Amino acid sequence: MKKIVRIENVGQTFDTKNGRFAALHDITLDIHEGECISLIGQAGCGKSTLLNLIAGLVRPTSGMLSCDGRAIAGPAPERAVVFQNPALLPWLTCFDNVYLAVERVFGQKEGKARLKQRTHDALALVGLTHAEIRFPHEISGGMKQRVGIARALSMQPRILLMDEPFGALDALTRANLQDELMKILAVTGSTMVMVTHDVDEAVLLSDRVVMLTNGPAATIGGVLEVDLARPRDRLTLADAPAFARARAAITQFMCAQQLRHAA
């Protein structure tokens, strides 16, 4: 597979009132086109910081990150971010919230008819055609997150970056959106990097799970290849030995990190 993102010897420190805090240390990782990666680890291990570095929302203290061979110097439509809070503008409809992103990316080179069609297509992809004219206060939390995903996908990004996008949802809604996300990624062929605390979610969605050690100065403690064929069905995988092995390996790593933290 073609390499799309390269992370080389990246470190990240922040200035705090208590002095310098080393969040990440010596992170090296290649992300390939079309693969799905989960970042997992204990709270405070720098998962979101690493995602923000890939997004270009922060600059690394040391090392470098590149996308398609070009240094990541800031945010760009090729790297779309979906946060836990979809942050929809409450005075705009679902359609208009997505249209804002479409217009921003394609408005200089395409007419309004094409921009509107892109918006319709993005909302259809997440199953929200029926809710285009609704306002955020008129839809559920799961539907709001679908709008956030549609907004990101409408920009046709090379890589979709997701920071615990389902963390605030109930278990059933979360499961439904996980299934929908797998279908969307199969259709679009997008590359995905997701931050998660959920071991089952990491195994279900990912081709590789990147496990981060405890902070401060967190680094990659291991990378697990998830040997499960696609498309994946959660009910079938529940009894699959490969799923159980992957789940056990990640859980063992997480428990070891928790014990080190307690010590």
# chains A, B, ... in the order shown; residues from 1 in each chain; ligands from 1
>>> select_by_dssp(residues="range 110-191 of chain A", states="strand (DSSP E or B)", output="PyMOL selection string")
chain A and resi 159-163+191
>>> closest_atom_pairs(of="range 63-118 of chain A", to="range 195-201 of chain A", cutoff="12 Å", atoms="only C-alpha atoms", output="tab-separated table")
residue	atom	partner	partner_atom	distance
A:Val81	CA	A:Val195	CA	11.2
A:Val82	CA	A:Val195	CA	10.4
A:Phe83	CA	A:Val195	CA	9.7
A:Gln84	CA	A:Val195	CA	9.9
>>> closest_residue(among="A:Ser154, A:Ser140, A:Ser38, A:Thr173", to="Arg118 in chain A", atoms="only C-alpha atoms")
A:Ser154
>>> residues_around(residues="range 232-236 of chain A", least_positions_apart="2", cutoff="9 Å", atoms="only C-alpha atoms", output="PyMOL selection string")
chain A and resi 175+179+182+204-205+228-230+238-240
>>> residues_around(residues="Phe253 in chain A", least_positions_apart="4", cutoff="10 Å", atoms="only C-alpha atoms", output="list in words")
Gly41, Met211, Leu212, Thr213, Gly221, Gly222, Ala248, Ala249, Gln257 and Gln258 of chain A
>>> closest_residue(among="A:Leu88, A:Val10, A:Ile133, A:Ala55", to="Met162 in chain A", atoms="only C-alpha atoms")
A:Ala55
>>> residues_around(residues="Ala131 in chain A", least_positions_apart="4", cutoff="9 Å", atoms="only C-alpha atoms", output="list in words")
Thr93, Cys94, Phe95, Leu123, Gly127, Phe135, Ile139 and Met143 of chain A
>>> write_last_selection(atoms="C-alpha atoms", output="tab-separated table (two decimals), in the first residue's frame")
chain	number	residue	atom	x	y	z
A	93	THR	CA	-29.69	23.27	9.28
A	94	CYS	CA	-27.87	19.97	8.85
A	95	PHE	CA	-27.56	20.77	5.14
A	123	LEU	CA	-25.54	13.57	3.89
A	127	GLY	CA	-28.14	8.22	5.89
A	135	PHE	CA	-31.66	22.05	12.99
A	139	ILE	CA	-31.95	15.70	16.02
A	143	MET	CA	-27.54	12.07	14.16
>>> closest_residue(among="A:Gln108, A:Ser62, A:Asn214, A:Thr129", to="Thr13 in chain A", atoms="only C-alpha atoms")
A:Ser62
>>> residues_around(residues="Met64 in chain A", least_positions_apart="5", cutoff="12 Å", atoms="only C-alpha atoms", output="list in words")
Val5, Arg6, Ile7, Glu8, Asn9, Val10, Gly11, Gln12, Asp26, Ile27, Thr28, Leu29, Leu50, Leu53, Ile54, Gly56, Val58, Arg59, Gly69, Arg70, Ala71, Ile72 and Ala73 of chain A
>>> atom_distance(atom1="CA of Glu164 in chain A", atom2="CA of Thr49 in chain A")
12.6 Å
>>> closest_residue(among="A:His32, A:Arg247, A:Lys109, A:Arg146", to="Asp68 in chain A", atoms="only C-alpha atoms")
A:His32
>>> select_by_dssp(residues="range 17-247 of chain A", states="helix (DSSP H, G or I)", output="ChimeraX atom specification")
/A:47-55,94-106,112-125,129-131,136-138,141-153,171-188,199-205,234-237,241-247
>>> atom_distance(atom1="CA of Val223 in chain A", atom2="CA of Arg158 in chain A")
22.3 Å
>>> closest_residue(among="A:Gly111, A:Ser48, A:Gly63, A:Pro136", to="Asp96 in chain A", atoms="only C-alpha atoms")
A:Pro136
>>> closest_residue(among="A:Leu57, A:Cys255, A:Leu125, A:Ala22", to="Lys183 in chain A", atoms="only C-alpha atoms")
A:Leu125
